[in-house]
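**Student:** Sharing upload-v5.txt (compact mmCIF, C-alpha atoms) below.
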# COMPACT_ATOMS: atom_id res chain seq x y z
CA MET A 1 -66.15 141.80 81.27
CA LYS A 2 -65.26 138.23 82.17
CA HIS A 3 -63.51 137.54 85.46
CA ILE A 4 -60.83 134.86 85.68
CA VAL A 5 -59.34 133.68 88.94
CA ILE A 6 -55.86 132.17 88.83
CA ILE A 7 -54.66 130.01 91.70
CA GLY A 8 -50.92 130.48 92.12
CA GLY A 9 -48.68 133.47 91.42
CA GLY A 10 -45.61 131.65 90.15
CA ILE A 11 -44.27 131.84 86.63
CA ALA A 12 -47.32 130.10 85.15
CA GLY A 13 -49.87 132.10 87.15
CA ILE A 14 -48.38 135.51 86.37
CA GLU A 15 -47.76 134.70 82.71
CA THR A 16 -51.36 133.49 82.27
CA ALA A 17 -52.68 136.53 84.13
CA SER A 18 -50.67 138.85 81.96
CA ALA A 19 -51.82 137.26 78.70
CA LEU A 20 -55.48 137.19 79.77
CA THR A 21 -55.32 140.82 80.86
CA ASP A 22 -53.93 141.69 77.42
CA ALA A 23 -56.89 139.87 75.91
CA GLY A 24 -59.19 142.28 77.75
CA HIS A 25 -60.27 140.21 80.74
CA TRP A 26 -60.43 141.01 84.42
CA VAL A 27 -57.98 138.77 86.25
CA THR A 28 -57.32 138.05 89.94
CA VAL A 29 -54.34 135.98 91.07
CA ILE A 30 -54.43 134.21 94.43
CA GLU A 31 -50.91 133.69 95.81
CA LYS A 32 -50.16 132.00 99.13
CA GLU A 33 -46.80 133.71 99.63
CA ALA A 34 -46.00 137.37 100.23
CA GLN A 35 -44.26 137.64 96.88
CA VAL A 36 -44.91 136.36 93.39
CA GLY A 37 -42.51 134.17 91.39
CA GLY A 38 -43.04 130.92 93.27
CA LYS A 39 -40.17 128.48 93.00
CA LEU A 40 -38.26 130.84 90.75
CA ASN A 41 -37.22 132.50 94.01
CA ASN A 42 -35.16 129.38 94.88
CA TRP A 43 -32.82 129.68 91.93
CA SER A 44 -29.98 131.99 90.97
CA TYR A 45 -29.14 131.16 87.35
CA LEU A 46 -31.16 129.26 84.78
CA PHE A 47 -30.07 126.49 82.44
CA PRO A 48 -28.94 126.15 79.72
CA ASP A 49 -27.43 129.62 79.29
CA PHE A 50 -26.94 130.83 82.90
CA THR A 51 -29.56 133.57 82.59
CA PRO A 52 -29.74 135.33 85.96
CA VAL A 53 -33.10 134.52 87.56
CA ASP A 54 -33.52 138.19 88.45
CA LYS A 55 -34.01 138.93 84.78
CA ILE A 56 -37.11 136.72 84.58
CA LYS A 57 -38.27 137.75 88.04
CA SER A 58 -38.13 141.43 87.21
CA VAL A 59 -40.18 140.83 84.06
CA LEU A 60 -42.82 139.05 86.14
CA GLN A 61 -42.81 141.82 88.72
CA GLU A 62 -43.07 144.44 86.00
CA LYS A 63 -46.13 142.67 84.62
CA CYS A 64 -47.67 142.66 88.09
CA SER A 65 -47.15 146.37 88.62
CA GLU A 66 -47.86 147.62 85.10
CA LYS A 67 -50.72 145.46 84.00
CA ASP A 68 -54.21 145.78 85.27
CA PHE A 69 -54.64 142.54 87.19
CA SER A 70 -54.66 142.15 90.95
CA VAL A 71 -52.71 139.74 93.12
CA LEU A 72 -54.06 138.70 96.50
CA HIS A 73 -50.93 137.91 98.50
CA GLN A 74 -50.76 135.49 101.41
CA THR A 75 -54.11 134.17 100.41
CA GLU A 76 -55.30 130.64 99.76
CA VAL A 77 -58.47 129.23 98.26
CA ARG A 78 -60.88 127.76 100.79
CA SER A 79 -63.57 126.49 98.48
CA ILE A 80 -64.85 126.67 94.92
CA LEU A 81 -68.50 126.17 94.13
CA ARG A 82 -70.15 126.13 90.74
CA GLN A 83 -73.24 128.35 90.72
CA ASN A 84 -75.33 129.32 87.68
CA GLY A 85 -72.48 128.69 85.26
CA LYS A 86 -70.04 130.68 87.37
CA PHE A 87 -67.56 129.83 90.06
CA SER A 88 -67.98 131.14 93.55
CA ILE A 89 -64.62 131.19 95.31
CA GLU A 90 -64.03 131.69 99.01
CA THR A 91 -60.53 132.70 100.11
CA SER A 92 -58.67 132.39 103.40
CA GLY A 93 -58.93 136.19 103.57
CA GLU A 94 -62.72 135.83 103.88
CA GLN A 95 -63.18 137.24 100.39
CA GLN A 96 -65.90 136.00 98.09
CA LEU A 97 -64.95 136.05 94.40
CA GLU A 98 -67.12 135.27 91.44
CA ALA A 99 -65.34 133.95 88.35
CA ASP A 100 -66.24 132.86 84.84
CA ALA A 101 -63.21 130.62 84.61
CA VAL A 102 -60.52 129.31 86.94
CA VAL A 103 -56.88 128.57 86.11
CA VAL A 104 -54.96 126.26 88.42
CA ALA A 105 -51.27 127.20 88.41
CA THR A 106 -50.19 125.77 91.74
CA GLY A 107 -46.83 124.42 90.56
CA TYR A 108 -44.63 121.89 92.27
CA GLU A 109 -42.65 121.29 95.45
CA LEU A 110 -39.06 120.11 95.64
CA PHE A 111 -38.54 116.56 96.80
CA ASP A 112 -37.65 116.49 100.50
CA ALA A 113 -34.20 114.86 100.37
CA ARG A 114 -34.47 113.73 104.01
CA ARG A 115 -36.76 111.00 102.72
CA LYS A 116 -33.75 109.48 100.95
CA GLU A 117 -32.13 108.78 104.30
CA GLU A 118 -29.28 106.70 102.90
CA TYR A 119 -27.82 109.85 101.33
CA GLY A 120 -27.75 111.57 104.71
CA TYR A 121 -29.28 114.95 103.95
CA LYS A 122 -29.62 116.93 107.21
CA ILE A 123 -27.75 114.11 108.94
CA TYR A 124 -24.28 114.70 107.48
CA ASP A 125 -22.81 118.19 107.36
CA HIS A 126 -21.73 118.34 103.74
CA VAL A 127 -24.68 116.82 101.94
CA ILE A 128 -26.72 119.54 100.26
CA THR A 129 -29.47 119.72 97.65
CA SER A 130 -29.34 121.41 94.26
CA ALA A 131 -31.59 124.14 95.69
CA ASP A 132 -29.13 124.73 98.56
CA LEU A 133 -26.24 124.86 96.11
CA GLU A 134 -28.07 127.39 93.98
CA GLN A 135 -27.92 129.89 96.86
CA LEU A 136 -24.21 129.19 97.35
CA LEU A 137 -23.57 129.86 93.67
CA LEU A 138 -24.49 133.52 94.08
CA PRO A 139 -21.38 135.74 94.01
CA ASN A 140 -21.23 136.02 97.82
CA GLY A 141 -22.03 132.34 98.44
CA ASP A 142 -19.66 130.48 100.75
CA LEU A 143 -18.62 127.14 99.30
CA THR A 144 -16.08 126.22 101.99
CA VAL A 145 -16.59 122.94 103.82
CA ALA A 146 -14.16 123.47 106.70
CA ALA A 147 -12.23 126.43 108.10
CA GLY A 148 -11.51 128.31 104.91
CA GLU A 149 -11.10 125.20 102.79
CA ASN A 150 -12.78 124.75 99.49
CA PRO A 151 -14.05 121.27 98.65
CA LYS A 152 -11.45 119.35 96.65
CA ARG A 153 -13.79 116.73 95.35
CA ILE A 154 -17.50 117.14 94.73
CA ALA A 155 -20.08 114.63 93.57
CA PHE A 156 -23.54 115.25 92.15
CA VAL A 157 -26.21 112.57 92.50
CA HIS A 158 -28.83 112.58 89.76
CA CYS A 159 -32.43 111.33 90.17
CA VAL A 160 -32.84 111.99 93.90
CA GLY A 161 -36.54 111.46 94.53
CA SER A 162 -37.16 110.80 90.83
CA ARG A 163 -37.44 107.48 89.01
CA ASP A 164 -37.49 105.94 92.46
CA GLU A 165 -40.35 103.86 93.79
CA LYS A 166 -38.79 103.87 97.25
CA SER A 167 -39.51 107.60 97.33
CA GLY A 168 -42.94 107.02 95.82
CA ASN A 169 -41.97 108.86 92.62
CA HIS A 170 -41.68 106.68 89.57
CA TYR A 171 -41.52 109.53 87.09
CA CYS A 172 -38.60 111.52 85.70
CA SER A 173 -38.42 115.12 86.94
CA LYS A 174 -36.96 116.15 83.61
CA VAL A 175 -34.97 119.20 84.66
CA CYS A 176 -32.46 117.75 87.15
CA CYS A 177 -30.09 116.29 84.52
CA ILE A 178 -29.45 119.66 82.97
CA THR A 179 -29.49 121.41 86.35
CA GLY A 180 -26.67 119.07 87.44
CA VAL A 181 -24.64 119.86 84.35
CA LYS A 182 -25.24 123.58 84.78
CA GLN A 183 -24.29 123.58 88.46
CA ALA A 184 -21.22 121.41 87.84
CA ILE A 185 -19.98 123.99 85.34
CA GLU A 186 -20.70 126.85 87.74
CA LEU A 187 -18.78 125.04 90.48
CA ARG A 188 -15.86 124.46 88.12
CA LYS A 189 -15.73 128.19 87.37
CA ARG A 190 -15.56 128.92 91.08
CA LEU A 191 -13.26 126.02 92.00
CA PRO A 192 -10.80 125.46 89.15
CA GLU A 193 -8.81 122.92 91.18
CA ALA A 194 -11.66 120.69 92.31
CA GLU A 195 -12.57 117.29 90.92
CA ILE A 196 -16.25 117.19 89.97
CA TYR A 197 -18.24 114.03 89.32
CA CYS A 198 -21.82 113.37 88.25
CA PHE A 199 -23.40 110.03 89.11
CA TYR A 200 -26.23 109.41 86.67
CA MET A 201 -28.48 106.61 85.41
CA ASP A 202 -29.35 108.28 82.12
CA LEU A 203 -28.62 111.82 81.02
CA ARG A 204 -31.75 113.26 79.47
CA MET A 205 -30.66 116.28 77.51
CA TYR A 206 -34.02 116.84 75.87
CA GLY A 207 -34.07 120.58 75.36
CA LYS A 208 -32.56 123.15 73.08
CA HIS A 209 -28.84 123.64 73.87
CA PHE A 210 -28.90 120.97 76.61
CA GLU A 211 -26.75 118.45 74.77
CA GLU A 212 -24.33 121.22 73.85
CA LEU A 213 -23.97 122.17 77.51
CA TYR A 214 -23.33 118.54 78.44
CA ARG A 215 -20.64 118.36 75.81
CA GLU A 216 -19.12 121.58 77.05
CA ALA A 217 -19.09 120.17 80.58
CA GLN A 218 -16.94 117.30 79.34
CA GLU A 219 -14.82 119.18 76.87
CA LYS A 220 -14.18 122.51 78.47
CA TYR A 221 -14.91 122.06 82.17
CA ASP A 222 -13.55 118.59 82.82
CA ILE A 223 -16.65 117.27 84.60
CA GLN A 224 -16.48 113.48 85.03
CA PHE A 225 -19.62 111.45 84.41
CA ILE A 226 -20.00 108.04 86.05
CA ARG A 227 -22.94 105.85 85.12
CA GLY A 228 -24.30 104.39 88.33
CA ARG A 229 -26.77 105.17 91.05
CA LEU A 230 -25.45 105.87 94.53
CA SER A 231 -26.47 103.20 97.00
CA GLU A 232 -25.42 105.10 100.10
CA ALA A 233 -23.24 107.78 101.62
CA SER A 234 -21.56 107.71 105.02
CA GLU A 235 -19.78 110.43 106.92
CA LYS A 236 -16.21 110.01 108.06
CA ILE A 237 -14.73 111.49 111.19
CA ASP A 238 -13.25 114.41 109.21
CA LYS A 239 -16.78 115.14 107.86
CA SER A 240 -15.89 114.02 104.35
CA LEU A 241 -18.24 111.51 102.78
CA LEU A 242 -17.68 108.01 101.52
CA ILE A 243 -20.02 107.26 98.66
CA LYS A 244 -20.72 103.96 96.97
CA ALA A 245 -22.04 103.23 93.50
CA GLU A 246 -21.50 100.74 90.77
CA ASP A 247 -19.51 102.00 87.84
CA THR A 248 -21.94 100.16 85.60
CA LEU A 249 -19.90 100.70 82.47
CA SER A 250 -16.91 98.88 83.89
CA GLY A 251 -19.17 96.55 85.86
CA ARG A 252 -17.43 97.01 89.20
CA PRO A 253 -18.43 98.52 92.52
CA LEU A 254 -16.85 101.90 93.11
CA LYS A 255 -16.23 103.93 96.24
CA MET A 256 -15.04 107.47 96.51
CA ASN A 257 -14.37 110.02 99.19
CA VAL A 258 -15.86 113.46 98.54
CA ASP A 259 -15.90 116.74 100.45
CA LEU A 260 -19.30 117.84 99.21
CA LEU A 261 -22.26 115.82 97.98
CA VAL A 262 -24.97 117.55 95.96
CA LEU A 263 -28.36 115.85 95.63
CA LEU A 264 -30.25 116.82 92.48
CA VAL A 265 -33.73 116.81 93.95
CA GLY A 266 -36.74 116.24 91.74
CA MET A 267 -40.19 117.74 91.56
CA GLU A 268 -43.38 116.64 93.30
CA ALA A 269 -46.93 117.88 92.84
CA GLY A 270 -46.80 119.14 96.41
CA LYS A 271 -49.42 120.28 98.85
CA GLY A 272 -50.61 123.31 96.90
CA THR A 273 -51.47 121.25 93.86
CA THR A 274 -52.99 118.36 95.81
CA THR A 275 -55.16 120.79 97.74
CA ALA A 276 -56.21 122.57 94.56
CA ALA A 277 -57.19 119.22 93.01
CA ALA A 278 -59.43 118.46 95.98
CA THR A 279 -60.94 121.95 96.10
CA CYS A 280 -61.64 122.03 92.36
CA GLY A 281 -62.75 118.41 92.15
CA ILE A 282 -60.22 117.59 89.45
CA GLY A 283 -58.22 114.40 89.08
CA CYS A 284 -54.55 113.63 89.62
CA GLU A 285 -52.32 111.25 87.74
CA GLU A 286 -50.59 108.44 89.59
CA SER A 287 -47.63 110.81 89.87
CA GLY A 288 -49.74 113.29 91.83
CA PHE A 289 -49.62 115.90 89.06
CA LEU A 290 -52.93 117.10 87.65
CA LYS A 291 -54.65 115.18 84.93
CA THR A 292 -55.16 116.83 81.56
CA THR A 293 -57.94 115.60 79.31
CA ASP A 294 -55.69 115.01 76.30
CA SER A 295 -51.93 115.03 76.40
CA PHE A 296 -51.56 116.30 72.85
CA LEU A 297 -54.43 118.65 72.17
CA LYS A 298 -55.85 119.57 75.56
CA SER A 299 -52.88 119.91 77.85
CA ASN A 300 -54.48 122.92 79.55
CA PHE A 301 -57.88 121.34 80.20
CA SER A 302 -58.86 119.74 83.49
CA GLU A 303 -61.66 117.26 83.93
CA GLN A 304 -63.94 120.12 84.99
CA GLU A 305 -65.41 122.42 82.37
CA GLY A 306 -64.16 125.95 82.98
CA ILE A 307 -61.20 124.95 85.14
CA PHE A 308 -57.90 125.21 83.25
CA LEU A 309 -54.38 124.12 84.08
CA ALA A 310 -51.11 125.95 83.58
CA GLY A 311 -47.51 125.03 84.25
CA SER A 312 -45.80 122.50 86.45
CA CYS A 313 -48.93 121.48 88.36
CA THR A 314 -49.50 119.17 85.36
CA ALA A 315 -45.97 117.70 85.08
CA PRO A 316 -42.37 118.60 85.86
CA MET A 317 -41.47 121.50 83.60
CA SER A 318 -38.60 123.88 82.90
CA VAL A 319 -39.07 127.64 83.19
CA ASN A 320 -39.20 127.81 79.44
CA ASP A 321 -41.88 125.15 79.07
CA THR A 322 -43.86 126.71 81.92
CA ILE A 323 -44.00 130.07 80.18
CA LEU A 324 -45.20 128.44 76.95
CA HIS A 325 -47.74 126.27 78.77
CA ALA A 326 -49.07 129.35 80.59
CA ARG A 327 -49.47 131.28 77.36
CA SER A 328 -51.33 128.42 75.77
CA ALA A 329 -53.56 128.23 78.88
CA ALA A 330 -54.46 131.88 78.42
CA GLN A 331 -55.32 131.23 74.79
CA GLU A 332 -57.51 128.25 75.69
CA VAL A 333 -59.34 130.21 78.40
CA ASN A 334 -59.92 133.07 76.00
CA ASN A 335 -61.25 130.77 73.25
CA TRP A 336 -63.47 128.98 75.73
CA LEU A 337 -64.94 132.23 77.05
CA LEU A 338 -65.66 133.41 73.50
CA ARG A 339 -67.47 130.17 72.70
CA LYS A 340 -69.43 130.21 75.91
CA MET B 17 1.80 67.29 60.17
CA LYS B 18 3.11 70.67 61.12
CA ASN B 19 0.83 72.62 63.39
CA PHE B 20 0.71 76.23 62.30
CA GLY B 21 -1.54 77.18 65.20
CA TYR B 22 -4.45 78.07 62.96
CA THR B 23 -7.82 77.38 64.45
CA VAL B 24 -11.44 78.33 64.07
CA ILE B 25 -12.12 81.11 66.53
CA LYS B 26 -15.39 80.87 68.41
CA GLN B 27 -17.69 83.78 67.61
CA ARG B 28 -18.02 86.37 70.37
CA THR B 29 -21.24 87.76 68.95
CA ILE B 30 -24.38 87.33 71.03
CA ASP B 31 -26.38 85.21 68.64
CA TYR B 32 -29.91 86.27 69.40
CA ASP B 33 -31.31 83.60 67.09
CA GLN B 34 -29.90 80.97 69.43
CA PHE B 35 -31.42 82.68 72.48
CA ASP B 36 -33.28 80.35 74.79
CA GLY B 37 -35.74 82.49 76.72
CA ARG B 38 -37.36 79.76 78.78
CA LEU B 39 -35.53 80.47 82.01
CA LEU B 40 -36.04 84.22 81.62
CA ASN B 41 -39.74 83.80 80.96
CA GLU B 42 -40.18 81.52 83.93
CA VAL B 43 -38.45 84.00 86.23
CA LEU B 44 -40.42 86.95 84.86
CA GLU B 45 -43.67 85.09 85.29
CA MET B 46 -42.96 84.24 88.90
CA GLU B 47 -41.37 87.61 89.71
CA PRO B 48 -42.75 90.27 87.34
CA SER B 49 -41.01 93.07 89.23
CA PHE B 50 -37.81 91.93 87.50
CA LYS B 51 -39.07 93.32 84.18
CA VAL B 52 -38.42 96.91 85.20
CA CYS B 53 -34.66 96.89 85.93
CA LEU B 54 -33.04 100.22 85.01
CA SER B 55 -29.48 98.85 85.14
CA CYS B 56 -28.58 101.60 87.59
CA GLY B 57 -26.20 99.39 89.55
CA GLY B 58 -27.42 100.43 92.99
CA CYS B 59 -27.70 96.75 93.88
CA THR B 60 -24.11 96.02 92.91
CA ALA B 61 -22.86 99.08 94.78
CA THR B 62 -24.31 97.89 98.07
CA CYS B 63 -23.77 94.14 97.56
CA SER B 64 -21.91 92.45 100.44
CA ALA B 65 -20.46 89.82 98.13
CA GLY B 66 -19.54 92.11 95.25
CA ASP B 67 -16.98 93.98 97.35
CA LEU B 68 -14.90 90.84 97.73
CA VAL B 69 -15.48 88.67 94.69
CA SER B 70 -16.37 89.38 91.11
CA PHE B 71 -20.09 89.16 91.68
CA ASN B 72 -22.35 91.66 89.99
CA VAL B 73 -26.06 91.46 90.78
CA ARG B 74 -26.97 93.89 88.04
CA ARG B 75 -25.38 91.65 85.43
CA MET B 76 -27.75 88.82 86.41
CA ASN B 77 -30.44 90.65 84.53
CA LEU B 78 -28.22 90.90 81.47
CA LEU B 79 -27.08 87.28 81.62
CA LEU B 80 -30.69 86.10 81.87
CA ARG B 81 -31.81 88.32 79.02
CA ARG B 82 -28.96 87.15 76.80
CA GLY B 83 -29.49 83.51 77.70
CA GLN B 84 -25.99 83.08 79.17
CA THR B 85 -27.14 80.28 81.42
CA VAL B 86 -23.74 78.67 82.06
CA GLU B 87 -22.18 81.87 83.33
CA LEU B 88 -25.31 82.62 85.31
CA GLU B 89 -25.14 79.35 87.20
CA SER B 90 -21.67 80.01 88.51
CA GLU B 91 -22.49 83.65 89.26
CA ILE B 92 -25.51 83.14 91.49
CA LYS B 93 -23.58 80.80 93.77
CA LYS B 94 -21.78 83.87 95.06
CA CYS B 95 -24.94 85.53 96.39
CA MET B 96 -25.43 85.32 100.16
CA LEU B 97 -29.09 86.31 99.98
CA CYS B 98 -28.59 89.19 102.43
CA GLY B 99 -31.16 91.31 100.59
CA LYS B 100 -29.37 94.66 100.76
CA CYS B 101 -29.83 95.07 97.01
CA MET B 102 -33.58 95.07 97.56
CA LEU B 103 -33.33 97.95 100.03
CA VAL B 104 -31.53 100.06 97.46
CA CYS B 105 -33.37 99.16 94.24
CA PRO B 106 -35.21 102.25 92.96
CA ARG B 107 -37.76 100.08 91.25
CA GLY B 108 -38.49 97.78 94.16
CA ILE B 109 -37.41 94.57 92.46
CA ASN B 110 -37.49 91.48 94.66
CA LEU B 111 -33.97 90.41 93.72
CA ARG B 112 -33.71 87.74 96.36
CA ASN B 113 -36.68 85.98 94.87
CA VAL B 114 -35.14 86.31 91.41
CA ILE B 115 -31.99 84.57 92.62
CA MET B 116 -33.99 81.82 94.33
CA LEU B 117 -36.06 81.27 91.18
CA VAL B 118 -32.94 81.05 89.03
CA LYS B 119 -31.37 78.62 91.49
CA LYS B 120 -34.46 76.42 91.38
CA SER B 121 -34.87 76.34 87.62
CA ILE B 122 -31.45 76.72 86.10
CA LEU B 123 -30.65 73.02 85.92
CA LYS B 124 -33.74 72.44 83.80
CA TYR B 125 -32.55 74.85 81.14
CA LYS B 126 -28.79 74.49 81.22
CA PRO B 127 -27.49 73.31 77.82
CA VAL B 128 -26.64 69.59 77.99
CA ASN B 129 -23.19 69.93 76.48
CA SER B 130 -21.99 72.56 78.95
Could you take the file, read its structure, and then write that structure out as structure tokens?
**Tutor:**
Amino acid sequence: MKHIVIIGGGIAGIETASALTDAGHWVTVIEKEAQVGGKLNNWSYLFPDFTPVDKIKSVLQEKCSEKDFSVLHQTEVRSILRQNGKFSIETSGEQQLEADAVVVATGYELFDARRKEEYGYKIYDHVITSADLEQLLLPNGDLTVAAGENPKRIAFVHCVGSRDEKSGNHYCSKVCCITGVKQAIELRKRLPEAEIYCFYMDLRMYGKHFEELYREAQEKYDIQFIRGRLSEASEKIDKSLLIKAEDTLSGRPLKMNVDLLVLLVGMEAGKGTTTAAATCGIGCEESGFLKTTDSFLKSNFSEQEGIFLAGSCTAPMSVNDTILHARSAAQEVNNWLLRK
Amino acid sequence: MKNFGYTVIKQRTIDYDQFDGRLLNEVLEMEPSFKVCLSCGGCTATCSAGDLVSFNVRRMNLLLRRGQTVELESEIKKCMLCGKCMLVCPRGINLRNVIMLVKKSILKYKPVNS
């Protein structure tokens, strides 16, 4: 029986583990947190159809408990050495594992919005990130900005920490556009009286049903879209926020007072993925995400024979794309082991 | 003769065949960072001059790329070179240098009959 070690117990890691177990392999997942699911645990509802995250999470957890693969929780990889055609892996739990193949599924980190200081995250009271908002969108979430008052005007800022060289991230994080549209609709359902604005540079509705949701946001939920990137936000004495942008379609500077500012934070390769790249001796792209050997035909292959890649450690990805990428990783590992 | 007020209306179309790209190319050569403008308008939003007069830094890119040299000449006079636009620009364009380059070269390329 072949042994496969998967680094990361998020969506990609668990999905790959499950598929490889089904294919008859012995699989061990190394997860740094106490629970599986990774960044899925940050979200409440998924775009584009508001699927409760718990639905996906419970499927992952079911796979963990019902299928015959093991997860080492609160464990990290110390080192990986190639010995006699196998991988010898040392973990932070002082375990020594021997594997025939390794799958890196270390995922992403959210952009730290404090780095975009001009938007005032953690400086001003009512500037929050999309991840913060996601918690508030749960049924018991408190959206009030002052003693019992709901925000009357809310603005979303797209591309925070994405497409921005000042943040060191030139790439598009892909999922924030649709996340903004989804969250704007959810806010509208909770706050029928509020004015809701989205400040965007481009709206990239690339996926199935994304464009439809954008249209619905305009048609049914009265979300206003303004094409322009925020230059700065400043807090007023009443804790409301003055934001500035250019309304590029009318060609004039625009200012607006809002009660709540939501920053749609992007994805970064993050520490887990950077560390895995160093440990495995595999390359990163300029973006920090892991390099695949061919973007069309070998999107699960790293530069090292026998080390495979799954999910958002290779590029920003939606939950949907991550699941598909993980399944294809499992298939590639399986084929490779058969050929070996 | 009676004047009926008929006249030949000047075409509003941007005639790309008449486009003179010399100024644009000179600026791009000296300041290649200008190639990557996203037209996000961050520069215009923070511009100290744009709050008060009809000055739009973002449109400089457009005017240059459409060869609207006459309009461009009067526009750039409004810039105070404070450089705030450069702090905001998500693509790190050296806009102050772009303006200086345009100022230096525009007379060379301005149409004679303007």
**Student:** Any idea which chain B residues end up within 10 Å of chain A if we count only C-alpha atoms, as a list in words please?
**Tutor:**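 Result, ordered by chain then number: Leu54, Ser55, Cys56, Gly57, Gly58, Cys59, Thr60, Ala61, Thr62, Cys63, Gly66, Asp67, Leu68, Ser70, Phe71, Asn72, Val73, Arg74, Arg75, Lys100, Cys101, Leu103, Val104, Cys105, Pro106, Arg107, Gly108 and Ile109 of chain B.
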**Student:** Could you work out how far CA of Cys64 (chain A) lies from CA of Gly85 (chain A), giving the answer in Å with one decimal?
**Tutor:** 28.6 Å
**Student:** Out of A:Lys86, A:Arg153, A:Arg78, A:Arg115, which residue has the shortest atom-to-atom distance to Ala184 (chain A) when counting all atoms listed in the file?
**Tutor:**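 Closest to Ala184 (chain A), using all atoms listed in the file: A:Arg153.
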**Student:** What is the distance between CA of Arg38 (chain B) and CA of Leu123 (chain B), in Å to one decimal?
**Tutor:**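 CA of Leu123 (chain B) lies 11.9 Å from CA of Arg38 (chain B).
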**Student:** For Lys174 (chain A), which residue among A:Phe301, A:Tyr206, A:Phe225, A:Phe69 is the nearest when counting only C-alpha atoms?
**Tutor:** A:Tyr206
**Student:** Any chance you could build region 58-71 of chain B out to N, CA and C atoms and write it as a compact mmCIF listing (two decimals), in the coordinates of the input?
**Tutor:**
# COMPACT_ATOMS: atom_id res chain seq x y z
N GLY B 58 -27.31 100.21 91.55
CA GLY B 58 -27.42 100.43 92.99
C GLY B 58 -27.23 99.14 93.77
N CYS B 59 -27.81 98.06 93.24
CA CYS B 59 -27.70 96.75 93.88
C CYS B 59 -26.25 96.30 94.00
N THR B 60 -25.51 96.45 92.92
CA THR B 60 -24.11 96.02 92.91
C THR B 60 -23.28 96.88 93.85
N ALA B 61 -23.63 98.17 93.93
CA ALA B 61 -22.86 99.08 94.78
C ALA B 61 -22.96 98.68 96.24
N THR B 62 -24.10 98.19 96.65
CA THR B 62 -24.31 97.89 98.07
C THR B 62 -24.07 96.42 98.40
N CYS B 63 -23.85 95.60 97.38
CA CYS B 63 -23.77 94.14 97.56
C CYS B 63 -22.62 93.72 98.49
N SER B 64 -22.94 92.88 99.48
CA SER B 64 -21.91 92.45 100.44
C SER B 64 -20.91 91.52 99.78
N ALA B 65 -21.36 90.77 98.79
CA ALA B 65 -20.46 89.82 98.13
C ALA B 65 -19.60 90.51 97.07
N GLY B 66 -20.20 91.47 96.38
CA GLY B 66 -19.54 92.11 95.25
C GLY B 66 -18.29 92.90 95.61
N ASP B 67 -18.17 93.28 96.89
CA ASP B 67 -16.98 93.98 97.35
C ASP B 67 -15.76 93.07 97.33
N LEU B 68 -15.99 91.78 97.50
CA LEU B 68 -14.90 90.84 97.73
C LEU B 68 -14.62 89.94 96.53
N VAL B 69 -15.67 89.54 95.85
CA VAL B 69 -15.48 88.67 94.69
C VAL B 69 -16.14 89.32 93.47
N SER B 70 -15.82 88.77 92.31
CA SER B 70 -16.37 89.38 91.11
C SER B 70 -17.82 88.96 90.92
N PHE B 71 -18.67 89.45 91.81
CA PHE B 71 -20.09 89.16 91.68
C PHE B 71 -20.81 90.46 91.40
